[in-house]
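**Student:** The following block contains the structure, expressed as structure tokens.
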Amino acid sequence: MPIPLEKIVEAAEKAGFVTELKAASVIANAGWNLRQNVYFIDKDEGKGREFDLRAYKLFSSRNEKPVVNCIITLCIEIKKTADPFIFYTNKKGRVDGSSGYGIFHWENNVNRFVLSYNDIEKKRPMAEVTRLARSYSCFKSGQTQHIQSGVISAFKAAIHERDNCNEVYSDLSGDICFFVPMMVVDGPLYECFFEEDEETLTAREIDEVVYLQNYHSENYGRVSNNVYVMNLTTFGQRLPEFAAWGEHMLTVMTKNRAKVATAGQDD
């Protein structure tokens with residue numbers, strides 16, 4: 001006897017892939033380029049692994065000389081959970097987290113004179129967070145591995161994309177690419193922290209959090225970077241901010257590269 005279609009839909013909605021399809025639709029509707037089920041090489045395991053979504057957007061001044069390109073790539077893992085993911089946060093330190101050229105990046109003919117730290121940070125989404133997540137757990141005991149697999153996969157995928165990047169438009173062009181590890185969660189997110197001068201742990205439901213992933217292995221060395229964690233609704237709201245970030249950096253680089261070119265002609 002055939003299974004009723006509503007039962008098929010019910011089973012499908014319980015699986016994480018439906019969230020992946022929703023996220024892919026959000027990305028496409030926002031005008032970003034998309035690849036799904038992307039493979040990368042895990043250096044520790046020595047084999048290919050898969051991450052869910054690679055969203056990228058090119059910002060280019062190819063109608064002007066010298067040419068300037070900026071690409072933002074989001075390396076996204078999708079997780080679906082009925083049990084809350086809990087992140088433990090405390091105050092962000094002065095040198096905590098990845099910012100400026102500390103973000104996973106690749107560049108060609110771009111340096112701090114073309115794109116300064118402040119220019120990178122001025123429009124970067126979530127640059128102003130005051131607390132970073134240092135650890136995490138799942139409300140249901142034994143499910144924390146579900147979080148870890150998503151965070152580490154996005155983290156290593158961003159490293160792979162950076163290490164295999166070669167987006168040179170020309171020998172004279174100024175090109176820069178940023179690679180942002182991200183986990184989009186279909187399910188409840190919570191933050192636990194101590195308020196200043198308080199001894200009682202505070203908990204609250206959240207839409208997003210920045211997790212500081214520190215990693216050390218023989219194959220990767222010591223590496224540290226932020227991983228953006230957010231729910232699907234917030235992801236859709238943040239995408240235009242990432243686009244505005246890219247547009248801002250393109251404007252700055254176009255202006256500064258033109259100054260360098262003019263100075264060279266005057267000499």
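Naming scheme: A, B, ... for chains in displayed order of the structure tokens; residues 1 onward per chain; ligands 1 onward as shown.
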Range 26-34 of chain A: which residues within 9 Å, counting only C-alpha atoms, same-chain residues fewer than 6 positions away excluded, as a PyMOL selection string?
**Tutor:** chain A and resi 53-58+232+235-236+239-240+243
**Student:** Create the file for the chosen residues now, containing C-alpha atoms and written as a compact mmCIF listing (two decimals), in the first residue's frame.
**Tutor:**
```txt
# COMPACT_ATOMS: atom_id res chain seq x y z
CA LEU A 53 26.81 25.26 1.08
CA ARG A 54 29.35 27.56 -0.52
CA ALA A 55 27.88 31.02 -1.07
CA TYR A 56 30.02 33.65 -2.74
CA LYS A 57 29.64 37.10 -4.23
CA LEU A 58 32.01 39.06 -6.45
CA LEU A 232 17.93 30.63 9.39
CA PHE A 235 21.03 34.35 8.15
CA GLY A 236 18.64 35.86 5.62
CA LEU A 239 23.26 38.41 3.84
CA PRO A 240 22.60 42.02 2.70
CA ALA A 243 27.02 42.36 0.53
```
**Student:** Please identify which residues in range 146-265 of chain A DSSP calls strand (DSSP E or B) from the backbone, and express them as a PyMOL selection string.
**Tutor:** chain A and resi 174-186+189-194+201-206+208-217+221-231
**Student:** Just the selected residues (C-alpha atoms), exported as an mmCIF file, in the first residue's frame, please.
**Tutor:**
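Dumped to selection-v3.cif:
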```
data_model
loop_
_atom_site.group_PDB
_atom_site.id
_atom_site.type_symbol
_atom_site.label_atom_id
_atom_site.label_comp_id
_atom_site.auth_asym_id
_atom_site.auth_seq_id
_atom_site.Cartn_x
_atom_site.Cartn_y
_atom_site.Cartn_z
ATOM 1 C CA GLY A 174 44.127 44.222 -6.924
ATOM 2 C CA ASP A 175 42.260 41.151 -5.675
ATOM 3 C CA ILE A 176 41.209 40.025 -2.222
ATOM 4 C CA CYS A 177 39.009 37.162 -1.026
ATOM 5 C CA PHE A 178 37.600 36.575 2.460
ATOM 6 C CA PHE A 179 36.445 33.145 3.638
ATOM 7 C CA VAL A 180 33.918 33.074 6.487
ATOM 8 C CA PRO A 181 33.096 29.826 8.337
ATOM 9 C CA MET A 182 29.429 29.708 9.301
ATOM 10 C CA MET A 183 26.902 27.329 10.866
ATOM 11 C CA VAL A 184 23.194 27.912 10.215
ATOM 12 C CA VAL A 185 20.940 26.167 12.727
ATOM 13 C CA ASP A 186 17.319 25.147 12.353
ATOM 14 C CA LEU A 189 20.054 28.684 20.280
ATOM 15 C CA TYR A 190 20.905 29.791 23.812
ATOM 16 C CA GLU A 191 23.704 31.762 25.419
ATOM 17 C CA CYS A 192 24.965 31.301 28.980
ATOM 18 C CA PHE A 193 27.200 33.883 30.646
ATOM 19 C CA PHE A 194 27.976 35.730 33.867
ATOM 20 C CA LEU A 201 24.886 32.160 35.528
ATOM 21 C CA THR A 202 22.506 33.935 33.154
ATOM 22 C CA ALA A 203 20.827 32.234 30.196
ATOM 23 C CA ARG A 204 18.900 33.718 27.296
ATOM 24 C CA GLU A 205 17.630 32.646 23.908
ATOM 25 C CA ILE A 206 19.573 34.183 21.019
ATOM 26 C CA GLU A 208 23.194 34.424 16.610
ATOM 27 C CA VAL A 209 26.565 34.165 18.286
ATOM 28 C CA VAL A 210 30.243 34.339 17.290
ATOM 29 C CA TYR A 211 32.230 31.287 18.373
ATOM 30 C CA LEU A 212 36.017 31.558 18.665
ATOM 31 C CA GLN A 213 37.454 28.346 17.275
ATOM 32 C CA ASN A 214 41.023 27.613 18.307
ATOM 33 C CA TYR A 215 42.575 24.605 16.623
ATOM 34 C CA HIS A 216 45.937 22.868 16.720
ATOM 35 C CA SER A 217 47.079 19.797 14.840
ATOM 36 C CA GLY A 221 49.432 24.010 12.922
ATOM 37 C CA ARG A 222 47.983 26.563 15.344
ATOM 38 C CA VAL A 223 45.058 28.395 13.820
ATOM 39 C CA SER A 224 42.282 30.525 15.253
ATOM 40 C CA ASN A 225 39.249 32.151 13.649
ATOM 41 C CA ASN A 226 35.681 33.146 14.296
ATOM 42 C CA VAL A 227 32.783 30.934 13.267
ATOM 43 C CA TYR A 228 29.446 32.699 12.783
ATOM 44 C CA VAL A 229 26.511 30.736 14.230
ATOM 45 C CA MET A 230 22.939 31.860 13.556
ATOM 46 C CA ASN A 231 19.418 30.677 12.869
#
```
**Student:** DSSP says helix (DSSP H, G or I) for which residues of range 5-136 of chain A? Put them as a count of residues only?
**Tutor:** 32
**Student:** I'd like the neighbourhood of Ile120 in chain A as a PyMOL selection string, where a residue qualifies if any of its atoms comes within 12 Å (using only C-alpha atoms), though same-chain residues fewer than 2 positions away should be ignored.
**Tutor:** chain A and resi 70+72+98-103+105+111-118+122-125+127+176-178+242+244-253
**Student:** Which residues, written as a list in words, have at least one atom at most 10 Å from Glu64 in chain A, with only C-alpha atoms counted and residues fewer than 4 positions away on the same chain left out?
**Tutor:**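 The residues that qualify are Ser60, Val68, Thr254 and Ala258 of chain A.
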**Student:** Dump N, CA, C and O atoms for the selected residues as a PDB file, in the first residue's frame?
**Tutor:**
```
ATOM      1  N   SER A  60      33.324  43.931  -8.094  1.00  0.00           N
ATOM      2  CA  SER A  60      34.391  44.208  -9.057  1.00  0.00           C
ATOM      3  C   SER A  60      34.248  45.582  -9.693  1.00  0.00           C
ATOM      4  O   SER A  60      33.140  46.063  -9.930  1.00  0.00           O
ATOM      5  N   VAL A  68      39.959  46.177  -9.742  1.00  0.00           N
ATOM      6  CA  VAL A  68      39.943  45.736  -8.348  1.00  0.00           C
ATOM      7  C   VAL A  68      38.804  44.734  -8.170  1.00  0.00           C
ATOM      8  O   VAL A  68      37.691  44.958  -8.661  1.00  0.00           O
ATOM      9  N   THR A 254      39.178  50.642  -4.794  1.00  0.00           N
ATOM     10  CA  THR A 254      39.169  51.334  -6.079  1.00  0.00           C
ATOM     11  C   THR A 254      39.795  52.718  -5.946  1.00  0.00           C
ATOM     12  O   THR A 254      40.629  53.130  -6.772  1.00  0.00           O
ATOM     13  N   ALA A 258      43.628  53.671  -7.375  1.00  0.00           N
ATOM     14  CA  ALA A 258      43.710  54.771  -8.343  1.00  0.00           C
ATOM     15  C   ALA A 258      44.741  55.798  -7.898  1.00  0.00           C
ATOM     16  O   ALA A 258      45.497  56.335  -8.714  1.00  0.00           O
TER      17      ALA A 258
END
```
**Student:** I need the residue nearest Leu172 in chain A from this list: A:Arg134, A:Glu20, A:Ala158, A:Arg257. Use only C-alpha atoms for the distance.
**Tutor:**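 Under the stated criterion, the closest residue is A:Arg257.
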**Student:** Could you check how far CA of Val18 in chain A sits from CA of Arg49 in chain A, in Å to one decimal?
**Tutor:**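 According to the coordinates, CA of Val18 in chain A and CA of Arg49 in chain A are separated by 20.4 Å.
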